[in-house]
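This is start.cif (mmCIF, N, CA and C atoms).
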```cif
data_protein
loop_
_atom_site.label_atom_id
_atom_site.label_comp_id
_atom_site.auth_asym_id
_atom_site.auth_seq_id
_atom_site.Cartn_x
_atom_site.Cartn_y
_atom_site.Cartn_z
N MET V 1 7.46 4.62 62.61
CA MET V 1 6.73 3.52 63.19
C MET V 1 6.50 3.78 64.66
N SER V 2 5.38 3.27 65.14
CA SER V 2 5.00 3.43 66.54
C SER V 2 4.49 2.10 67.07
N VAL V 3 4.46 2.00 68.37
CA VAL V 3 3.86 0.85 69.03
C VAL V 3 2.55 1.33 69.61
N ALA V 4 1.48 0.56 69.38
CA ALA V 4 0.16 0.97 69.87
C ALA V 4 -0.66 -0.24 70.26
N PHE V 5 -1.55 -0.03 71.21
CA PHE V 5 -2.54 -1.05 71.54
C PHE V 5 -3.72 -0.87 70.59
N VAL V 6 -4.15 -1.97 70.01
CA VAL V 6 -5.28 -1.94 69.08
C VAL V 6 -6.18 -3.12 69.39
N ASP V 7 -7.48 -2.90 69.28
CA ASP V 7 -8.41 -4.02 69.36
C ASP V 7 -9.37 -3.94 68.18
N GLY V 8 -10.07 -5.03 67.93
CA GLY V 8 -10.98 -5.08 66.80
C GLY V 8 -12.05 -4.00 66.81
N PRO V 9 -12.70 -3.77 67.98
CA PRO V 9 -13.72 -2.72 68.00
C PRO V 9 -13.19 -1.33 67.63
N THR V 10 -11.95 -1.02 67.99
CA THR V 10 -11.35 0.27 67.61
C THR V 10 -11.29 0.40 66.09
N VAL V 11 -10.84 -0.66 65.44
CA VAL V 11 -10.72 -0.65 63.97
C VAL V 11 -12.10 -0.58 63.33
N THR V 12 -13.04 -1.38 63.83
CA THR V 12 -14.40 -1.40 63.29
C THR V 12 -15.07 -0.04 63.42
N GLU V 13 -14.94 0.59 64.58
CA GLU V 13 -15.55 1.91 64.78
C GLU V 13 -14.96 2.94 63.83
N PHE V 14 -13.66 2.85 63.57
CA PHE V 14 -13.03 3.75 62.62
C PHE V 14 -13.62 3.57 61.23
N VAL V 15 -13.74 2.33 60.80
CA VAL V 15 -14.30 2.04 59.46
C VAL V 15 -15.75 2.51 59.38
N GLU V 16 -16.49 2.35 60.45
CA GLU V 16 -17.90 2.74 60.46
C GLU V 16 -18.11 4.25 60.54
N ASP V 17 -17.08 5.00 60.93
CA ASP V 17 -17.16 6.46 60.90
C ASP V 17 -16.86 6.86 59.46
N ALA V 18 -17.90 6.87 58.64
CA ALA V 18 -17.74 7.05 57.19
C ALA V 18 -16.92 8.27 56.83
N GLU V 19 -17.16 9.38 57.49
CA GLU V 19 -16.45 10.61 57.15
C GLU V 19 -14.95 10.48 57.41
N ALA V 20 -14.58 10.00 58.59
CA ALA V 20 -13.15 9.87 58.94
C ALA V 20 -12.47 8.82 58.07
N PHE V 21 -13.13 7.67 57.89
CA PHE V 21 -12.54 6.59 57.11
C PHE V 21 -12.36 7.00 55.65
N GLU V 22 -13.40 7.58 55.05
CA GLU V 22 -13.31 7.99 53.65
C GLU V 22 -12.22 9.03 53.45
N LYS V 23 -12.08 9.95 54.38
CA LYS V 23 -11.04 10.97 54.28
C LYS V 23 -9.66 10.31 54.23
N CYS V 24 -9.41 9.38 55.12
CA CYS V 24 -8.11 8.70 55.17
C CYS V 24 -7.86 7.85 53.92
N VAL V 25 -8.88 7.13 53.48
CA VAL V 25 -8.74 6.28 52.30
C VAL V 25 -8.53 7.15 51.05
N ASN V 26 -9.25 8.25 50.95
CA ASN V 26 -9.06 9.15 49.81
C ASN V 26 -7.66 9.74 49.79
N GLU V 27 -7.12 10.07 50.96
CA GLU V 27 -5.73 10.56 51.02
C GLU V 27 -4.77 9.50 50.52
N ARG V 28 -4.97 8.24 50.94
CA ARG V 28 -4.10 7.15 50.50
C ARG V 28 -4.23 6.93 49.00
N PHE V 29 -5.47 7.00 48.49
CA PHE V 29 -5.70 6.83 47.06
C PHE V 29 -4.93 7.90 46.28
N ASP V 30 -5.00 9.14 46.74
CA ASP V 30 -4.33 10.23 46.05
C ASP V 30 -2.82 10.04 46.01
N VAL V 31 -2.25 9.47 47.07
CA VAL V 31 -0.81 9.18 47.10
C VAL V 31 -0.46 8.10 46.08
N LEU V 32 -1.32 7.09 46.00
CA LEU V 32 -1.06 5.96 45.09
C LEU V 32 -1.30 6.32 43.63
N ASP V 33 -2.23 7.24 43.35
CA ASP V 33 -2.60 7.62 41.99
C ASP V 33 -1.57 8.60 41.44
N VAL V 34 -0.40 8.08 41.09
CA VAL V 34 0.74 8.89 40.68
C VAL V 34 0.42 9.76 39.47
N ASP V 35 -0.28 9.20 38.48
CA ASP V 35 -0.55 9.98 37.27
C ASP V 35 -1.82 10.84 37.38
N GLY V 36 -2.53 10.73 38.50
CA GLY V 36 -3.68 11.60 38.75
C GLY V 36 -4.88 11.35 37.86
N ASP V 37 -4.98 10.15 37.28
CA ASP V 37 -6.10 9.88 36.37
C ASP V 37 -7.36 9.36 37.06
N GLY V 38 -7.33 9.26 38.39
CA GLY V 38 -8.50 8.80 39.13
C GLY V 38 -8.67 7.30 39.17
N ALA V 39 -7.66 6.57 38.73
CA ALA V 39 -7.71 5.11 38.76
C ALA V 39 -6.31 4.58 39.03
N LEU V 40 -6.26 3.43 39.71
CA LEU V 40 -4.98 2.81 40.02
C LEU V 40 -4.75 1.65 39.07
N SER V 41 -3.69 1.75 38.29
CA SER V 41 -3.30 0.63 37.44
C SER V 41 -2.60 -0.41 38.31
N ARG V 42 -2.46 -1.58 37.78
CA ARG V 42 -1.75 -2.63 38.51
C ARG V 42 -0.33 -2.19 38.83
N ASP V 43 0.37 -1.62 37.86
CA ASP V 43 1.75 -1.16 38.08
C ASP V 43 1.81 -0.07 39.14
N GLU V 44 0.90 0.88 39.06
CA GLU V 44 0.85 1.97 40.04
C GLU V 44 0.63 1.42 41.44
N LEU V 45 -0.34 0.56 41.55
CA LEU V 45 -0.69 0.00 42.86
C LEU V 45 0.44 -0.86 43.40
N GLN V 46 0.97 -1.71 42.59
CA GLN V 46 2.01 -2.63 43.04
C GLN V 46 3.28 -1.88 43.42
N THR V 47 3.68 -0.91 42.64
CA THR V 47 4.89 -0.15 42.93
C THR V 47 4.73 0.68 44.18
N ARG V 48 3.64 1.43 44.26
CA ARG V 48 3.44 2.33 45.41
C ARG V 48 3.13 1.57 46.69
N MET V 49 2.32 0.52 46.63
CA MET V 49 2.00 -0.24 47.84
C MET V 49 3.27 -0.90 48.37
N GLY V 50 4.12 -1.36 47.49
CA GLY V 50 5.39 -1.94 47.93
C GLY V 50 6.23 -0.93 48.68
N ASN V 51 6.22 0.31 48.21
CA ASN V 51 6.97 1.36 48.88
C ASN V 51 6.37 1.74 50.23
N LEU V 52 5.06 1.58 50.38
CA LEU V 52 4.39 1.98 51.61
C LEU V 52 4.26 0.85 52.62
N SER V 53 4.56 -0.37 52.21
CA SER V 53 4.34 -1.49 53.11
C SER V 53 5.61 -1.88 53.85
N SER V 54 5.49 -2.91 54.62
CA SER V 54 6.59 -3.35 55.46
C SER V 54 7.62 -4.16 54.67
N MET V 55 8.67 -4.53 55.36
CA MET V 55 9.72 -5.36 54.76
C MET V 55 9.18 -6.72 54.33
N GLU V 56 8.09 -7.17 54.94
CA GLU V 56 7.52 -8.46 54.56
C GLU V 56 7.24 -8.51 53.06
N TYR V 57 6.82 -7.38 52.51
CA TYR V 57 6.54 -7.31 51.08
C TYR V 57 7.80 -7.65 50.28
N GLU V 58 8.90 -7.09 50.72
CA GLU V 58 10.17 -7.29 50.02
C GLU V 58 10.66 -8.73 50.11
N LEU V 59 10.26 -9.46 51.15
CA LEU V 59 10.75 -10.81 51.37
C LEU V 59 9.90 -11.87 50.68
N GLN V 60 8.75 -11.50 50.13
CA GLN V 60 7.86 -12.44 49.47
C GLN V 60 8.36 -12.75 48.06
N PRO V 61 8.22 -14.02 47.64
CA PRO V 61 8.57 -14.35 46.25
C PRO V 61 7.69 -13.56 45.29
N LYS V 62 8.26 -13.17 44.16
CA LYS V 62 7.57 -12.35 43.17
C LYS V 62 6.26 -12.99 42.70
N ASP V 63 6.26 -14.34 42.52
CA ASP V 63 5.03 -14.99 42.06
C ASP V 63 3.93 -14.94 43.12
N GLU V 64 4.30 -14.94 44.41
CA GLU V 64 3.29 -14.78 45.47
C GLU V 64 2.69 -13.39 45.43
N ILE V 65 3.54 -12.39 45.26
CA ILE V 65 3.07 -11.01 45.19
C ILE V 65 2.15 -10.85 43.98
N ASN V 66 2.55 -11.39 42.83
CA ASN V 66 1.70 -11.31 41.64
C ASN V 66 0.36 -12.00 41.86
N GLY V 67 0.36 -13.12 42.57
CA GLY V 67 -0.87 -13.83 42.89
C GLY V 67 -1.80 -13.00 43.75
N ILE V 68 -1.23 -12.28 44.71
CA ILE V 68 -2.02 -11.41 45.57
C ILE V 68 -2.70 -10.32 44.73
N TYR V 69 -1.94 -9.72 43.82
CA TYR V 69 -2.51 -8.66 42.99
C TYR V 69 -3.53 -9.21 41.99
N ASP V 70 -3.30 -10.43 41.50
CA ASP V 70 -4.31 -11.07 40.64
C ASP V 70 -5.63 -11.20 41.39
N THR V 71 -5.55 -11.67 42.63
CA THR V 71 -6.75 -11.85 43.44
C THR V 71 -7.43 -10.51 43.73
N LEU V 72 -6.63 -9.49 44.08
CA LEU V 72 -7.20 -8.17 44.35
C LEU V 72 -7.96 -7.63 43.15
N PHE V 73 -7.36 -7.75 41.97
CA PHE V 73 -8.01 -7.21 40.78
C PHE V 73 -9.23 -8.04 40.39
N GLU V 74 -9.17 -9.37 40.56
CA GLU V 74 -10.33 -10.20 40.26
C GLU V 74 -11.51 -9.82 41.14
N LYS V 75 -11.23 -9.57 42.42
CA LYS V 75 -12.30 -9.31 43.38
C LYS V 75 -12.77 -7.86 43.36
N PHE V 76 -11.87 -6.90 43.23
CA PHE V 76 -12.23 -5.50 43.45
C PHE V 76 -12.32 -4.65 42.19
N ASP V 77 -11.85 -5.14 41.05
CA ASP V 77 -12.04 -4.41 39.80
C ASP V 77 -13.42 -4.76 39.26
N ALA V 78 -14.44 -4.19 39.90
CA ALA V 78 -15.84 -4.56 39.63
C ALA V 78 -16.23 -4.42 38.17
N ASP V 79 -15.74 -3.37 37.52
CA ASP V 79 -16.12 -3.17 36.12
C ASP V 79 -15.15 -3.85 35.15
N GLN V 80 -14.17 -4.58 35.69
CA GLN V 80 -13.22 -5.38 34.89
C GLN V 80 -12.50 -4.56 33.82
N ASN V 81 -12.16 -3.30 34.16
CA ASN V 81 -11.46 -2.46 33.18
C ASN V 81 -9.95 -2.43 33.39
N GLY V 82 -9.45 -3.23 34.31
CA GLY V 82 -8.01 -3.33 34.52
C GLY V 82 -7.44 -2.29 35.48
N THR V 83 -8.31 -1.48 36.08
CA THR V 83 -7.86 -0.50 37.06
C THR V 83 -8.79 -0.55 38.28
N ILE V 84 -8.30 0.02 39.37
CA ILE V 84 -9.09 0.14 40.59
C ILE V 84 -9.43 1.62 40.75
N ASP V 85 -10.71 1.95 40.64
CA ASP V 85 -11.10 3.35 40.81
C ASP V 85 -11.29 3.67 42.29
N ARG V 86 -11.64 4.89 42.60
CA ARG V 86 -11.74 5.34 43.99
C ARG V 86 -12.78 4.52 44.78
N ASP V 87 -13.93 4.24 44.19
CA ASP V 87 -14.96 3.46 44.88
C ASP V 87 -14.52 2.02 45.11
N GLU V 88 -13.88 1.44 44.11
CA GLU V 88 -13.37 0.08 44.25
C GLU V 88 -12.28 0.02 45.33
N PHE V 89 -11.43 1.05 45.36
CA PHE V 89 -10.37 1.12 46.37
C PHE V 89 -10.97 1.26 47.77
N MET V 90 -12.02 2.04 47.89
CA MET V 90 -12.70 2.21 49.18
C MET V 90 -13.23 0.86 49.66
N ALA V 91 -13.85 0.11 48.76
CA ALA V 91 -14.38 -1.22 49.12
C ALA V 91 -13.25 -2.16 49.54
N LEU V 92 -12.14 -2.10 48.82
CA LEU V 92 -10.97 -2.92 49.15
C LEU V 92 -10.44 -2.58 50.53
N MET V 93 -10.24 -1.32 50.82
CA MET V 93 -9.69 -0.91 52.11
C MET V 93 -10.65 -1.24 53.25
N LYS V 94 -11.94 -1.09 53.00
CA LYS V 94 -12.93 -1.43 54.02
C LYS V 94 -12.87 -2.91 54.35
N GLU V 95 -12.82 -3.74 53.32
CA GLU V 95 -12.77 -5.18 53.55
C GLU V 95 -11.49 -5.58 54.27
N ILE V 96 -10.37 -4.99 53.88
CA ILE V 96 -9.09 -5.30 54.54
C ILE V 96 -9.13 -4.89 56.01
N MET V 97 -9.61 -3.69 56.28
CA MET V 97 -9.64 -3.21 57.66
C MET V 97 -10.59 -4.03 58.53
N LEU V 98 -11.74 -4.41 58.00
CA LEU V 98 -12.67 -5.22 58.78
C LEU V 98 -12.11 -6.62 59.00
N ALA V 99 -11.36 -7.15 58.04
CA ALA V 99 -10.70 -8.44 58.23
C ALA V 99 -9.64 -8.33 59.33
N LYS V 100 -8.91 -7.23 59.35
CA LYS V 100 -7.93 -7.01 60.42
C LYS V 100 -8.63 -6.93 61.77
N ALA V 101 -9.76 -6.25 61.83
CA ALA V 101 -10.51 -6.12 63.08
C ALA V 101 -10.94 -7.50 63.58
N ARG V 102 -11.45 -8.33 62.67
CA ARG V 102 -11.85 -9.69 63.06
C ARG V 102 -10.66 -10.50 63.53
N GLY V 103 -9.53 -10.33 62.84
CA GLY V 103 -8.32 -11.07 63.21
C GLY V 103 -7.76 -10.65 64.56
N ILE V 104 -7.84 -9.37 64.85
CA ILE V 104 -7.33 -8.87 66.13
C ILE V 104 -8.23 -9.31 67.26
N GLY V 105 -9.54 -9.28 67.04
CA GLY V 105 -10.49 -9.69 68.07
C GLY V 105 -10.77 -8.58 69.06
N ASN V 106 -11.41 -8.94 70.16
CA ASN V 106 -11.85 -7.95 71.13
C ASN V 106 -10.82 -7.57 72.18
N SER V 107 -9.80 -8.37 72.35
CA SER V 107 -8.76 -8.06 73.33
C SER V 107 -7.68 -7.20 72.70
N PRO V 108 -7.25 -6.15 73.40
CA PRO V 108 -6.21 -5.29 72.84
C PRO V 108 -4.90 -6.06 72.63
N VAL V 109 -4.26 -5.78 71.52
CA VAL V 109 -2.94 -6.34 71.24
C VAL V 109 -1.98 -5.19 70.99
N LEU V 110 -0.74 -5.41 71.35
CA LEU V 110 0.31 -4.42 71.14
C LEU V 110 0.95 -4.71 69.79
N ILE V 111 0.90 -3.75 68.87
CA ILE V 111 1.48 -3.96 67.54
C ILE V 111 2.31 -2.75 67.13
N ILE V 112 3.16 -2.98 66.17
CA ILE V 112 3.94 -1.91 65.56
C ILE V 112 3.16 -1.44 64.34
N VAL V 113 2.88 -0.15 64.27
CA VAL V 113 2.13 0.40 63.14
C VAL V 113 2.92 1.53 62.50
N GLN V 114 2.80 1.63 61.18
CA GLN V 114 3.41 2.74 60.47
C GLN V 114 2.61 4.00 60.76
N GLY V 115 3.30 5.12 60.83
CA GLY V 115 2.68 6.38 61.19
C GLY V 115 1.56 6.83 60.29
N ASP V 116 1.60 6.45 59.01
CA ASP V 116 0.56 6.89 58.08
C ASP V 116 -0.41 5.78 57.70
N SER V 117 -0.35 4.66 58.41
CA SER V 117 -1.21 3.52 58.07
C SER V 117 -2.65 3.75 58.54
N LEU V 118 -3.55 3.00 57.94
CA LEU V 118 -4.94 3.09 58.36
C LEU V 118 -5.13 2.55 59.77
N LEU V 119 -4.31 1.58 60.19
CA LEU V 119 -4.38 1.11 61.57
C LEU V 119 -4.00 2.22 62.54
N MET V 120 -2.96 3.00 62.19
CA MET V 120 -2.57 4.12 63.05
C MET V 120 -3.69 5.16 63.09
N ARG V 121 -4.33 5.38 61.95
CA ARG V 121 -5.45 6.33 61.91
C ARG V 121 -6.60 5.84 62.80
N ALA V 122 -6.81 4.52 62.85
CA ALA V 122 -7.85 3.97 63.73
C ALA V 122 -7.50 4.23 65.20
N VAL V 123 -6.23 4.05 65.55
CA VAL V 123 -5.77 4.33 66.92
C VAL V 123 -5.96 5.81 67.24
N GLU V 124 -5.58 6.68 66.32
CA GLU V 124 -5.73 8.12 66.54
C GLU V 124 -7.21 8.51 66.65
N HIS V 125 -8.04 7.87 65.84
CA HIS V 125 -9.48 8.12 65.87
C HIS V 125 -10.04 7.77 67.24
N GLU V 126 -9.64 6.63 67.78
CA GLU V 126 -10.09 6.19 69.10
C GLU V 126 -9.57 7.15 70.18
N SER V 127 -8.34 7.55 70.05
CA SER V 127 -7.72 8.45 71.03
C SER V 127 -8.44 9.80 71.05
N ALA V 128 -8.75 10.33 69.87
CA ALA V 128 -9.45 11.62 69.77
C ALA V 128 -10.85 11.53 70.36
N LYS V 129 -11.47 10.38 70.19
CA LYS V 129 -12.82 10.17 70.71
C LYS V 129 -12.83 10.18 72.25
N ASN V 130 -11.72 9.71 72.84
CA ASN V 130 -11.64 9.60 74.30
C ASN V 130 -11.13 10.86 74.98
N GLU V 131 -10.79 11.88 74.21
CA GLU V 131 -10.27 13.12 74.81
C GLU V 131 -11.38 14.02 75.30
#
```

Output the file's structure in the form of structure tokens.
Amino acid sequence: MSVAFVDGPTVTEFVEDAEAFEKCVNERFDVLDVDGDGALSRDELQTRMGNLSSMEYELQPKDEINGIYDTLFEKFDADQNGTIDRDEFMALMKEIMLAKARGIGNSPVLIIVQGDSLLMRAVEHESAKNE
């Protein structure tokens, strides 16, 4: 974990850099796709995301966590086949990151980010751009 200054425009610019964003999201997808079938099952996603997320995940009641995954699958499983494919996952990550950007706003905030998170990748993307 690291501490970094992040603002909404930094996150938005990262998402809008299609090549950089897709590369990072595809790497995350590959980590989550344990069986390598090109789709994330609910069990795969829930188990792996829990391992990759913060302690907040562990502190949530199980029915709240299940509700979150119900909502994710209702919204992002476009073909309603019970899995999230790579394109659906890309749309999910894009929406989440843009929501974070809106939530953060234009003023920089100091946050703790995991080293392999998409927020950290946004910070690194901004840093590389300024070098």

Taking the DSSP assignment computed from this structure's backbone, write out as a ChimeraX atom specification all residues of chain V that belong to helix (DSSP H, G or I). /V:8-16,18-32,42-52,55-59,62-76,86-104,118-129

Starting from the displayed file, determine the output of the PyMOL selection byres (((chain V and resi 11 and name CA) around 8) and name CA) and express the residue list as a ChimeraX atom specification. /V:6-10,12-15,97-98,100-101,119,122-123

For a test of reading the model, state the distance in Å between atom N of Asp116 in chain V and atom N of Ala4 in chain V, rounded to one decimal. 11.9 Å

Quote the spacing between atom C of Phe73 in chain V and CA of Lys94 in chain V in Å to one decimal place. 15.6 Å

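A straight line drawn from atom C of Asp77 in chain V to CA of Asp63 in chain V is 21.3 Å long.
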
I'd like to see the residues matched by the PyMOL selection byres (((chain V and resi 41-45 and name CA) around 12) and name CA) on this file, and ideally I'd get them as an MDAnalysis selection string. chainID V and resid 28:40 46:53 65:66 68:74 76:77 80:86 89

I need the residues from that last selection saved to file as a CSV table (one decimal), in the coordinates of the input (with N, CA and C atoms), if you can.
```csv
chain,number,residue,atom,x,y,z
V,28,ARG,N,-5.0,8.2,50.9
V,28,ARG,CA,-4.1,7.2,50.5
V,28,ARG,C,-4.2,6.9,49.0
V,29,PHE,N,-5.5,7.0,48.5
V,29,PHE,CA,-5.7,6.8,47.1
V,29,PHE,C,-4.9,7.9,46.3
V,30,ASP,N,-5.0,9.1,46.7
V,30,ASP,CA,-4.3,10.2,46.0
V,30,ASP,C,-2.8,10.0,46.0
V,31,VAL,N,-2.2,9.5,47.1
V,31,VAL,CA,-0.8,9.2,47.1
V,31,VAL,C,-0.5,8.1,46.1
V,32,LEU,N,-1.3,7.1,46.0
V,32,LEU,CA,-1.1,6.0,45.1
V,32,LEU,C,-1.3,6.3,43.6
V,33,ASP,N,-2.2,7.2,43.4
V,33,ASP,CA,-2.6,7.6,42.0
V,33,ASP,C,-1.6,8.6,41.4
V,34,VAL,N,-0.4,8.1,41.1
V,34,VAL,CA,0.7,8.9,40.7
V,34,VAL,C,0.4,9.8,39.5
V,35,ASP,N,-0.3,9.2,38.5
V,35,ASP,CA,-0.6,10.0,37.3
V,35,ASP,C,-1.8,10.8,37.4
V,36,GLY,N,-2.5,10.7,38.5
V,36,GLY,CA,-3.7,11.6,38.8
V,36,GLY,C,-4.9,11.4,37.9
V,37,ASP,N,-5.0,10.2,37.3
V,37,ASP,CA,-6.1,9.9,36.4
V,37,ASP,C,-7.4,9.4,37.1
V,38,GLY,N,-7.3,9.3,38.4
V,38,GLY,CA,-8.5,8.8,39.1
V,38,GLY,C,-8.7,7.3,39.2
V,39,ALA,N,-7.7,6.6,38.7
V,39,ALA,CA,-7.7,5.1,38.8
V,39,ALA,C,-6.3,4.6,39.0
V,40,LEU,N,-6.3,3.4,39.7
V,40,LEU,CA,-5.0,2.8,40.0
V,40,LEU,C,-4.8,1.6,39.1
V,46,GLN,N,1.0,-1.7,42.6
V,46,GLN,CA,2.0,-2.6,43.0
V,46,GLN,C,3.3,-1.9,43.4
V,47,THR,N,3.7,-0.9,42.6
V,47,THR,CA,4.9,-0.2,42.9
V,47,THR,C,4.7,0.7,44.2
V,48,ARG,N,3.6,1.4,44.3
V,48,ARG,CA,3.4,2.3,45.4
V,48,ARG,C,3.1,1.6,46.7
V,49,MET,N,2.3,0.5,46.6
V,49,MET,CA,2.0,-0.2,47.8
V,49,MET,C,3.3,-0.9,48.4
V,50,GLY,N,4.1,-1.4,47.5
V,50,GLY,CA,5.4,-1.9,47.9
V,50,GLY,C,6.2,-0.9,48.7
V,51,ASN,N,6.2,0.3,48.2
V,51,ASN,CA,7.0,1.4,48.9
V,51,ASN,C,6.4,1.7,50.2
V,52,LEU,N,5.1,1.6,50.4
V,52,LEU,CA,4.4,2.0,51.6
V,52,LEU,C,4.3,0.8,52.6
V,53,SER,N,4.6,-0.4,52.2
V,53,SER,CA,4.3,-1.5,53.1
V,53,SER,C,5.6,-1.9,53.8
V,65,ILE,N,3.5,-12.4,45.3
V,65,ILE,CA,3.1,-11.0,45.2
V,65,ILE,C,2.2,-10.8,44.0
V,66,ASN,N,2.6,-11.4,42.8
V,66,ASN,CA,1.7,-11.3,41.6
V,66,ASN,C,0.4,-12.0,41.9
V,68,ILE,N,-1.2,-12.3,44.7
V,68,ILE,CA,-2.0,-11.4,45.6
V,68,ILE,C,-2.7,-10.3,44.7
V,69,TYR,N,-1.9,-9.7,43.8
V,69,TYR,CA,-2.5,-8.7,43.0
V,69,TYR,C,-3.5,-9.2,42.0
V,70,ASP,N,-3.3,-10.4,41.5
V,70,ASP,CA,-4.3,-11.1,40.6
V,70,ASP,C,-5.6,-11.2,41.4
V,71,THR,N,-5.6,-11.7,42.6
V,71,THR,CA,-6.8,-11.8,43.4
V,71,THR,C,-7.4,-10.5,43.7
V,72,LEU,N,-6.6,-9.5,44.1
V,72,LEU,CA,-7.2,-8.2,44.4
V,72,LEU,C,-8.0,-7.6,43.2
V,73,PHE,N,-7.4,-7.8,42.0
V,73,PHE,CA,-8.0,-7.2,40.8
V,73,PHE,C,-9.2,-8.0,40.4
V,74,GLU,N,-9.2,-9.4,40.6
V,74,GLU,CA,-10.3,-10.2,40.3
V,74,GLU,C,-11.5,-9.8,41.1
V,76,PHE,N,-11.9,-6.9,43.2
V,76,PHE,CA,-12.2,-5.5,43.4
V,76,PHE,C,-12.3,-4.6,42.2
V,77,ASP,N,-11.8,-5.1,41.0
V,77,ASP,CA,-12.0,-4.4,39.8
V,77,ASP,C,-13.4,-4.8,39.3
V,80,GLN,N,-14.2,-4.6,35.7
V,80,GLN,CA,-13.2,-5.4,34.9
V,80,GLN,C,-12.5,-4.6,33.8
V,81,ASN,N,-12.2,-3.3,34.2
V,81,ASN,CA,-11.5,-2.5,33.2
V,81,ASN,C,-10.0,-2.4,33.4
V,82,GLY,N,-9.4,-3.2,34.3
V,82,GLY,CA,-8.0,-3.3,34.5
V,82,GLY,C,-7.4,-2.3,35.5
V,83,THR,N,-8.3,-1.5,36.1
V,83,THR,CA,-7.9,-0.5,37.1
V,83,THR,C,-8.8,-0.6,38.3
V,84,ILE,N,-8.3,0.0,39.4
V,84,ILE,CA,-9.1,0.1,40.6
V,84,ILE,C,-9.4,1.6,40.8
V,85,ASP,N,-10.7,2.0,40.6
V,85,ASP,CA,-11.1,3.4,40.8
V,85,ASP,C,-11.3,3.7,42.3
V,86,ARG,N,-11.6,4.9,42.6
V,86,ARG,CA,-11.7,5.3,44.0
V,86,ARG,C,-12.8,4.5,44.8
V,89,PHE,N,-11.4,1.0,45.4
V,89,PHE,CA,-10.4,1.1,46.4
V,89,PHE,C,-11.0,1.3,47.8
```

Output of the PyMOL selection byres ((chain V and resi 108) around 6), listed as number ranges by chain: V: 5-7, 106-107, 109-110

From a DSSP calculation on the backbone, collect every residue of chain V in strand (DSSP E or B) and output the set as a list in words.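 Everything in chain V that counts as strand (DSSP E or B) is Ser2, Val3, Ala4, Phe5, Val6, Ala39, Leu40, Ser41, Thr83, Ile84, Asp85, Val109, Leu110, Ile111, Ile112 and Val113 of chain V.
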